[in-house]
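Shown here: structure.txt, compact mmCIF, C-alpha atoms.
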```
# COMPACT_ATOMS: atom_id res chain seq x y z
CA MET A 7 13.28 -7.46 32.45
CA THR A 8 12.19 -4.20 30.92
CA SER A 9 15.74 -2.91 30.74
CA VAL A 10 16.83 -6.02 28.82
CA ARG A 11 14.03 -5.42 26.33
CA ALA A 12 14.91 -1.74 26.06
CA LEU A 13 18.54 -2.62 25.37
CA ARG A 14 17.50 -5.22 22.78
CA ASN A 15 15.21 -2.66 21.14
CA ARG A 16 18.03 -0.13 21.01
CA ILE A 17 20.46 -2.57 19.40
CA LEU A 18 17.86 -3.76 16.88
CA LEU A 19 16.94 -0.19 16.01
CA PHE A 20 20.62 0.68 15.55
CA PHE A 21 21.13 -2.17 13.09
CA LEU A 22 17.93 -1.35 11.20
CA LEU A 23 18.99 2.27 10.81
CA LEU A 24 22.48 1.20 9.74
CA LEU A 25 20.93 -1.09 7.12
CA PHE A 26 18.82 1.82 5.87
CA TRP A 27 21.93 4.01 5.74
CA ILE A 28 23.79 1.40 3.67
CA VAL A 29 20.83 1.15 1.26
CA LEU A 30 20.77 4.94 0.88
CA THR A 31 24.50 5.55 0.48
CA ALA A 32 24.96 2.45 -1.71
CA SER A 33 28.57 1.89 -0.72
CA LEU A 34 30.56 -0.19 1.77
CA ALA A 35 33.56 2.17 2.09
CA LEU A 36 34.90 2.38 5.64
CA HIS A 37 34.38 6.11 6.16
CA GLU A 38 30.76 5.82 5.01
CA LEU A 39 30.17 2.94 7.44
CA VAL A 40 31.70 4.82 10.38
CA MET A 41 29.65 7.91 9.57
CA GLY A 42 26.55 5.74 9.28
CA ALA A 43 27.23 4.04 12.62
CA VAL A 44 27.58 7.41 14.34
CA CYS A 45 24.39 8.75 12.75
CA SER A 46 22.41 5.56 13.47
CA ALA A 47 23.50 5.54 17.11
CA PHE A 48 22.49 9.20 17.48
CA VAL A 49 19.11 8.77 15.80
CA GLY A 50 18.50 5.47 17.62
CA VAL A 51 19.06 7.03 21.03
CA LEU A 52 16.83 9.98 20.15
CA THR A 53 13.90 8.04 18.72
CA VAL A 54 13.92 4.73 20.61
CA SER A 55 10.78 5.69 22.54
CA LEU A 56 9.01 6.43 19.24
CA LEU A 57 10.31 3.73 16.89
CA GLY A 58 10.90 1.11 19.61
CA ARG A 59 7.17 0.43 19.69
CA ALA A 60 7.39 -0.94 16.17
CA LEU A 61 9.90 -3.57 17.32
CA ASP A 62 7.32 -5.88 18.80
CA PRO A 63 8.65 -8.90 20.78
CA ARG A 64 6.47 -11.02 18.48
CA ILE A 65 9.07 -10.59 15.74
CA THR A 66 11.17 -13.70 16.39
CA PRO A 67 13.69 -15.32 14.01
CA ALA A 68 11.07 -17.96 13.12
CA VAL A 69 8.69 -15.21 12.01
CA LEU A 70 11.45 -13.57 9.99
CA LEU A 71 12.11 -16.88 8.24
CA ARG A 72 8.43 -17.23 7.35
CA ILE A 73 8.18 -13.69 5.92
CA PRO A 74 9.43 -14.58 2.37
CA VAL A 75 6.89 -17.41 2.04
CA PHE A 76 4.21 -15.11 3.39
CA MET A 77 5.20 -12.39 0.91
CA LEU A 78 5.03 -14.84 -2.00
CA ARG A 79 1.58 -16.11 -1.02
CA LEU A 80 0.39 -12.56 -0.44
CA ALA A 81 1.79 -11.52 -3.83
CA TRP A 82 -0.20 -14.30 -5.50
CA GLU A 83 -3.32 -13.13 -3.65
CA ILE A 84 -2.62 -9.54 -4.74
CA VAL A 85 -2.32 -10.53 -8.40
CA LYS A 86 -5.56 -12.50 -8.21
CA ALA A 87 -7.24 -9.56 -6.46
CA ASN A 88 -6.12 -7.16 -9.15
CA ILE A 89 -7.39 -9.29 -12.01
CA ASP A 90 -10.70 -9.66 -10.17
CA VAL A 91 -11.09 -5.92 -9.54
CA ALA A 92 -9.95 -5.13 -13.08
CA LYS A 93 -12.69 -7.40 -14.44
CA ILE A 94 -15.29 -5.62 -12.30
CA ILE A 95 -14.08 -2.16 -13.36
CA LEU A 96 -13.98 -2.98 -17.06
CA ASN A 97 -17.40 -4.65 -16.99
CA PRO A 98 -19.76 -2.12 -18.65
CA ARG A 99 -22.56 -2.94 -16.18
CA LEU A 100 -20.32 -2.34 -13.12
CA PRO A 101 -21.62 -5.35 -11.12
CA ILE A 102 -20.90 -4.08 -7.61
CA ASP A 103 -22.94 -4.51 -4.45
CA PRO A 104 -20.85 -2.77 -1.78
CA ARG A 105 -21.43 -3.22 1.93
CA ILE A 106 -19.55 -2.71 5.18
CA VAL A 107 -19.25 -5.90 7.23
CA GLU A 108 -17.96 -6.32 10.76
CA TYR A 109 -15.34 -8.99 11.19
CA ARG A 110 -14.22 -10.21 14.61
CA THR A 111 -10.67 -11.47 14.55
CA TYR A 112 -8.98 -13.80 17.05
CA LEU A 113 -5.48 -12.45 16.36
CA PRO A 114 -3.95 -11.01 19.54
CA GLY A 115 -1.94 -7.82 19.78
CA ASP A 116 -1.53 -4.78 17.59
CA LEU A 117 1.07 -6.07 15.15
CA PRO A 118 -0.75 -9.18 13.85
CA ARG A 119 -3.95 -7.15 13.53
CA THR A 120 -2.14 -4.43 11.61
CA VAL A 121 -0.60 -6.98 9.26
CA PHE A 122 -4.01 -8.59 8.84
CA SER A 123 -5.77 -5.32 8.02
CA ASP A 124 -3.05 -4.32 5.56
CA SER A 125 -3.32 -7.72 3.87
CA ILE A 126 -7.10 -7.32 3.68
CA THR A 127 -6.68 -3.97 1.97
CA LEU A 128 -4.38 -5.52 -0.61
CA THR A 129 -6.53 -8.58 -1.41
CA PRO A 130 -9.72 -9.11 -3.44
CA GLY A 131 -12.41 -6.47 -3.20
CA THR A 132 -11.95 -5.67 0.48
CA VAL A 133 -10.69 -2.53 2.21
CA THR A 134 -10.36 -2.21 5.98
CA VAL A 135 -11.94 1.11 6.90
CA GLU A 136 -11.78 0.85 10.67
CA LEU A 137 -9.88 -1.21 13.20
CA ARG A 138 -11.23 -0.99 16.74
CA GLY A 139 -9.88 -3.52 19.23
CA GLU A 140 -10.67 -6.90 17.74
CA VAL A 141 -13.42 -5.70 15.42
CA LEU A 142 -12.56 -4.78 11.85
CA ASN A 143 -14.97 -2.86 9.64
CA VAL A 144 -14.34 -4.15 6.14
CA HIS A 145 -15.79 -2.58 3.02
CA CYS A 146 -16.53 -5.31 0.48
CA LEU A 147 -17.07 -4.59 -3.19
CA CYS A 148 -19.17 -7.72 -3.77
CA PRO A 149 -20.69 -10.08 -1.17
CA TYR A 150 -18.58 -13.03 -2.27
CA HIS A 151 -15.37 -11.13 -1.48
CA GLU A 152 -16.17 -11.54 2.21
CA GLU A 153 -15.52 -15.29 1.95
CA GLY A 154 -11.78 -14.77 1.45
CA LEU A 155 -11.23 -13.25 4.89
CA PRO A 156 -10.90 -16.42 7.06
CA GLY A 157 -8.27 -17.87 4.75
CA LEU A 158 -6.25 -14.68 4.96
CA GLU A 159 -6.62 -14.67 8.74
CA ARG A 160 -5.26 -18.23 8.83
CA LEU A 161 -2.29 -17.08 6.74
CA VAL A 162 -1.46 -14.24 9.16
CA ALA A 163 -1.98 -16.57 12.15
CA TRP A 164 0.47 -18.99 10.57
CA LEU A 165 2.98 -16.16 10.08
CA PHE A 166 2.92 -15.25 13.77
CA GLY A 167 2.48 -18.81 15.06
CA VAL A 168 -0.90 -18.05 16.64
CA ARG A 169 -3.43 -20.84 17.16
CA LYS A 170 -7.14 -20.35 16.78
CA PRO A 171 -8.85 -20.58 20.21
CA VAL A 172 -10.99 -23.72 20.44
CA GLY A 173 -14.75 -23.31 20.72
CA GLU A 174 -14.84 -19.80 19.30
CA GLU A 175 -16.17 -18.77 15.96
CA GLY A 176 -13.79 -16.48 14.11
CA ASN A 177 -16.47 -14.85 12.03
CA GLY A 178 -18.74 -12.39 13.80
CA MET B 12 14.62 1.06 -24.96
CA ASP B 13 14.85 4.77 -24.09
CA ARG B 14 12.02 5.62 -26.48
CA PHE B 15 9.89 2.85 -25.06
CA LEU B 16 10.48 4.06 -21.49
CA THR B 17 9.64 7.62 -22.54
CA ALA B 18 6.39 6.39 -24.07
CA VAL B 19 5.50 4.54 -20.86
CA ALA B 20 6.29 7.65 -18.79
CA LEU B 21 4.11 9.76 -21.11
CA VAL B 22 1.15 7.39 -20.85
CA ILE B 23 1.43 7.38 -17.05
CA SER B 24 1.63 11.19 -17.00
CA VAL B 25 -1.53 11.46 -19.10
CA ASN B 26 -3.17 9.07 -16.61
CA ALA B 27 -2.10 11.31 -13.76
CA PHE B 28 -3.68 14.31 -15.48
CA ILE B 29 -6.94 12.40 -15.87
CA CYS B 30 -6.80 11.54 -12.15
CA LEU B 31 -6.53 15.26 -11.39
CA TYR B 32 -10.17 15.45 -12.53
CA ARG B 33 -11.16 13.48 -9.42
CA ALA B 34 -9.00 15.72 -7.25
CA ALA B 35 -10.65 18.83 -8.70
CA VAL B 36 -14.27 17.67 -8.86
CA GLY B 37 -14.53 15.02 -6.12
CA PRO B 38 -17.70 15.67 -4.11
CA THR B 39 -16.02 15.19 -0.73
CA THR B 40 -12.67 16.32 0.58
CA GLN B 41 -11.63 12.69 1.10
CA ASP B 42 -12.08 12.16 -2.64
CA ARG B 43 -9.64 14.96 -3.28
CA VAL B 44 -7.10 13.47 -0.88
CA LEU B 45 -7.47 10.14 -2.65
CA GLY B 46 -6.97 11.81 -6.03
CA VAL B 47 -3.83 13.57 -4.82
CA ASN B 48 -2.53 10.27 -3.42
CA ILE B 49 -3.00 8.53 -6.75
CA VAL B 50 -1.40 11.37 -8.71
CA GLY B 51 1.52 11.10 -6.27
CA THR B 52 1.91 7.35 -6.85
CA LYS B 53 1.99 7.92 -10.60
CA THR B 54 4.52 10.73 -10.24
CA LEU B 55 6.69 8.41 -8.15
CA VAL B 56 6.71 5.84 -10.94
CA VAL B 57 7.50 8.54 -13.51
CA VAL B 58 10.47 9.62 -11.38
CA VAL B 59 11.72 6.02 -11.30
CA LEU B 60 11.34 5.84 -15.09
CA VAL B 61 13.18 9.15 -15.52
CA THR B 62 16.08 7.63 -13.57
CA TYR B 63 16.58 5.08 -16.32
CA ILE B 64 15.76 7.37 -19.24
CA LEU B 65 18.43 9.85 -18.19
CA ALA B 66 20.69 7.14 -16.64
CA GLU B 67 21.18 9.30 -13.53
CA ASN B 68 21.29 7.25 -10.33
CA TYR B 69 20.50 10.02 -7.91
CA PHE B 70 16.89 10.33 -9.08
CA LEU B 71 16.21 7.13 -7.12
CA ASP B 72 16.84 9.04 -3.90
CA VAL B 73 14.31 11.61 -5.09
CA ALA B 74 11.85 8.73 -5.59
CA ILE B 75 12.43 7.40 -2.06
CA VAL B 76 11.91 10.83 -0.52
CA TYR B 77 8.82 11.30 -2.68
CA ALA B 78 7.33 8.02 -1.43
CA LEU B 79 7.95 8.99 2.20
CA LEU B 80 6.47 12.47 1.71
CA LEU B 81 3.40 11.11 -0.07
CA PHE B 82 2.69 8.76 2.82
CA VAL B 83 3.07 11.52 5.41
CA VAL B 84 0.87 13.93 3.42
CA THR B 85 -1.98 11.45 3.01
CA VAL B 86 -1.99 10.19 6.60
CA ALA B 87 -1.67 13.69 8.07
CA LEU B 88 -4.50 15.04 5.89
CA SER B 89 -6.79 12.13 6.75
CA ARG B 90 -6.10 12.51 10.46
CA TYR B 91 -6.81 16.23 10.15
CA LEU B 92 -10.06 15.58 8.31
CA GLU B 93 -11.38 13.17 10.93
CA ALA B 94 -10.78 15.56 13.83
CA GLU B 95 -13.75 16.87 15.77
CA GLY B 96 -15.31 20.17 14.78
CA TRP B 97 -14.12 20.12 11.22
CA LYS B 98 -16.64 21.29 8.61
CA GLU B 99 -16.83 20.73 4.89
CA VAL B 100 -15.94 23.92 3.05
CA PRO B 101 -18.13 24.34 -0.02
CA MET C 7 18.00 -8.40 -25.33
CA ALA C 8 15.87 -10.90 -23.41
CA LYS C 9 16.24 -8.65 -20.39
CA ASP C 10 14.76 -5.73 -22.31
CA ILE C 11 11.82 -7.83 -23.45
CA VAL C 12 11.01 -8.97 -19.90
CA ALA C 13 11.34 -5.39 -18.61
CA GLY C 14 9.08 -4.20 -21.43
CA ILE C 15 6.42 -6.78 -20.59
CA PHE C 16 6.46 -5.73 -16.92
CA CYS C 17 6.17 -2.05 -17.93
CA CYS C 18 3.25 -2.78 -20.27
CA VAL C 19 1.38 -4.74 -17.59
CA GLY C 20 1.99 -1.95 -15.10
CA THR C 21 0.73 0.70 -17.50
CA LEU C 22 -2.34 -1.40 -18.22
CA PHE C 23 -3.13 -1.62 -14.51
CA PHE C 24 -2.59 2.14 -14.18
CA ILE C 25 -5.13 2.74 -16.94
CA ILE C 26 -7.58 0.35 -15.27
CA GLY C 27 -7.07 2.15 -11.95
CA THR C 28 -7.77 5.52 -13.57
CA THR C 29 -10.90 4.14 -15.20
CA GLY C 30 -12.08 2.78 -11.87
CA LEU C 31 -11.37 6.06 -10.12
CA LEU C 32 -13.56 7.91 -12.63
CA ARG C 33 -16.34 5.29 -12.88
CA MET C 34 -16.96 4.23 -9.30
CA PRO C 35 -20.00 5.81 -7.63
CA ASP C 36 -18.68 6.76 -4.19
CA LEU C 37 -15.58 7.22 -2.05
CA PHE C 38 -15.43 3.73 -0.53
CA THR C 39 -15.67 1.99 -3.88
CA ARG C 40 -13.06 4.37 -5.27
CA LEU C 41 -10.66 3.15 -2.59
CA HIS C 42 -10.61 -0.28 -4.25
CA PRO C 43 -9.07 0.66 -7.63
CA SER C 44 -6.74 3.13 -5.96
CA THR C 45 -5.32 0.73 -3.39
CA LYS C 46 -5.10 -2.29 -5.66
CA CYS C 47 -4.63 -1.45 -9.30
CA ASP C 48 -2.37 1.51 -8.65
CA THR C 49 -0.18 -0.42 -6.24
CA LEU C 50 0.20 -3.39 -8.55
CA GLY C 51 0.81 -1.06 -11.51
CA ALA C 52 3.54 0.83 -9.67
CA CYS C 53 5.13 -2.36 -8.33
CA SER C 54 5.05 -3.95 -11.76
CA VAL C 55 6.75 -1.00 -13.47
CA ILE C 56 9.37 -0.84 -10.71
CA VAL C 57 10.04 -4.58 -10.96
CA GLY C 58 10.44 -4.11 -14.71
CA MET C 59 12.97 -1.36 -14.04
CA ALA C 60 14.79 -3.65 -11.60
CA VAL C 61 15.08 -6.27 -14.36
CA HIS C 62 16.31 -3.59 -16.75
CA ASN C 63 18.82 -2.41 -14.14
CA GLY C 64 20.41 -5.79 -13.39
CA TRP C 65 22.56 -6.45 -10.32
CA SER C 66 23.69 -3.27 -8.63
CA TRP C 67 23.13 -1.25 -5.48
CA ASP C 68 20.12 0.44 -7.07
CA LEU C 69 18.29 -2.88 -6.78
CA LEU C 70 18.15 -2.45 -3.01
CA LYS C 71 16.65 1.01 -3.37
CA LEU C 72 14.04 -0.28 -5.81
CA ALA C 73 13.19 -3.13 -3.41
CA PHE C 74 12.83 -0.62 -0.62
CA ILE C 75 10.50 1.52 -2.75
CA VAL C 76 8.33 -1.52 -3.58
CA CYS C 77 8.06 -2.62 0.07
CA PHE C 78 7.31 0.88 1.23
CA LEU C 79 4.73 1.39 -1.51
CA LEU C 80 2.88 -1.80 -0.52
CA LEU C 81 2.82 -0.74 3.13
CA SER C 82 1.98 2.89 2.54
CA SER C 83 -0.80 2.40 0.00
CA ALA C 84 -2.62 0.02 2.35
CA THR C 85 -2.20 2.43 5.24
CA CYS C 86 -3.29 5.42 3.15
CA GLY C 87 -6.43 3.61 2.01
CA HIS C 88 -7.18 2.70 5.60
CA ALA C 89 -6.63 6.30 6.80
CA ILE C 90 -8.83 7.81 4.10
CA GLY C 91 -11.57 5.23 4.65
CA ARG C 92 -11.52 5.76 8.39
CA SER C 93 -11.75 9.53 8.07
CA ALA C 94 -14.71 9.11 5.70
CA LEU C 95 -16.37 6.70 8.13
CA ARG C 96 -15.88 9.06 11.09
CA ARG C 97 -17.29 11.94 9.01
CA ASN C 98 -20.39 9.80 8.33
CA ILE C 99 -20.10 10.04 4.60
CA PRO C 100 -22.91 7.81 3.30
CA TYR C 101 -21.83 4.88 1.22
CA TRP C 102 -23.38 3.87 -2.04
CA LYS C 103 -25.75 0.91 -1.98
CA LYS C 104 -27.13 -1.08 -4.84
CA LYS C 105 -30.79 -0.29 -5.34
CA GLU C 106 -32.95 -3.39 -5.27
CA ALA C 107 -35.40 -2.13 -7.87
CA ASN C 108 -32.71 -0.96 -10.25
CA GLU C 109 -31.19 -4.12 -11.70
CA ASP C 110 -28.81 -2.12 -13.83
CA GLY C 111 -26.72 -1.12 -10.85
CA HIS C 112 -26.35 2.45 -12.02
CA GLY C 113 -28.73 4.12 -9.56
CA ALA C 114 -26.40 6.62 -7.93
```
Hey, can you dump this file as structure tokens for me?
Amino acid sequence: MTSVRALRNRILLFFLLLLFWIVLTASLALHELVMGAVCSAFVGVLTVSLLGRALDPRITPAVLLRIPVFMLRLAWEIVKANIDVAKIILNPRLPIDPRIVEYRTYLPGDLPRTVFSDSITLTPGTVTVELRGEVLNVHCLCPYHEEGLPGLERLVAWLFGVRKPVGEEGNG
Amino acid sequence: MDRFLTAVALVISVNAFICLYRAAVGPTTQDRVLGVNIVGTKTLVVVVLVTYILAENYFLDVAIVYALLLFVVTVALSRYLEAEGWKEVP
Amino acid sequence: MAKDIVAGIFCCVGTLFFIIGTTGLLRMPDLFTRLHPSTKCDTLGACSVIVGMAVHNGWSWDLLKLAFIVCFLLLSSATCGHAIGRSALRRNIPYWKKKEANEDGHGA
């Protein structure tokens, strides 16, 4: 079981590195591709124990298909966040009331939580300053920014196909 | 178009110089790291603009390496600053 | 010609967000609030200028490199903000609170 996953990780890593090589060399000539395959295989074998951790088994084809939609919705959130923060910065009275709130998330595993905390950092008035287990410490610029977190959590849960456990409150 | 891009690059460079104020004055060391990070982001964009002002493709590779280095510098410095037994140097 | 105009608009928006980010960096009262303009306005400014350059560039291999830079910038700026904030939190740097008596919000 583990060896199958290790092999899958190795092959995935090889193709990722080859893709990166093609982006960097910007050509599809045969000698470049062969050189890239050799280099990717070498680097993949050397660093599979380090980079293989990033290839979580949660990344399934369904998740990959949802990523563009997720990116578009996140981009819209980012634009809204920027206009909001820009308004606050350019306001001469600087109407901020910062606080650090604790948020308990129901998302399982490291990868969904990482995606969630990165999305929080990029959306309105909130920056994740600490991620410990399932508790996130979020710095909010204004109290009303806190209200956007559950919606964002739902978006990330949708991306990874996670359902909210019944009978548990997401907000802590 | 070239003149316009040069003007944009100049404005961003002036911005970067203003951000250096935060890196120089910032009351805590973390402020300085943040200032350096922002100056780095602006430099990255200026490098991308220079690619198109000079019409030299290879500057894009410089930009990619710059982005990677900037990330490593910021994360390594922050990890170093949060280690035990570290004291603020006045 | 239309391509140049679209690229120019993207560059102008990006520069505007850069200026706003710089203003925020200088105006905000403490480290945690300074993280907000740096992680948001700067990222969107950089992404906007790079997207403008991608429009100016048109279809070529450089487009892939620009897309890679944008993706990496989005990931890395969020992670950098998180790293800096966490190191400040672990160092117990006090964070700025609004004073109840001071309605102006400028009590540092």
* Using only C-alpha atoms, which residue out of A:Ile106, A:Leu165, A:Leu34, A:Leu96 lies closest to Leu95 in chain C? ->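 Checking each candidate against Leu95 in chain C, we get A:Ile106 as the closest.
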* Asked: Any idea what the distance is between CA of Leu137 in chain A and CA of Ala163 in chain A?
  ->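 If I compute the distance from CA of Leu137 in chain A to CA of Ala163 in chain A, I get 17.3 Å.
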* In Å, how far is it from CA of Ser93 in chain C to CA of Glu93 in chain B? -> 4.6 Å
Quick one: axis-aligned box around all listed atoms of range 56-64 of chain C, 4 Å on every side, centre and edge lengths in Å to one decimal, written as AutoDock Vina command-line options.
```
--center_x 14.9 --center_y -3.6 --center_z -13.7 --size_x 19.0 --size_y 13.4 --size_z 14.0
```
* Asked: Hey, can you pull every residue with an atom no more than 12 Å from (7.3, -15.5, 11.3), using all atoms listed in the file, and send it as a ChimeraX atom specification?
  -> /A:63-77,117-118,121,161-168
* To do: Please determine the contact residues of chain B with respect to chain C at a cut-off of 8 Å, counting only C-alpha atoms, and supply them as a PyMOL selection string.
  => chain B and resi 12+15+19+22-23+26+29-30+33+41-42+44-45+49+52-53+56+59-60+63+68+71+74-75+78+82+85-86+89-90+92-93
* Asked: Mind pulling up the distance from CA of Val73 in chain B to CA of Asp13 in chain B?
  ->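 Computed distance, CA of Asp13 in chain B to CA of Val73 in chain B, equals 20.2 Å.
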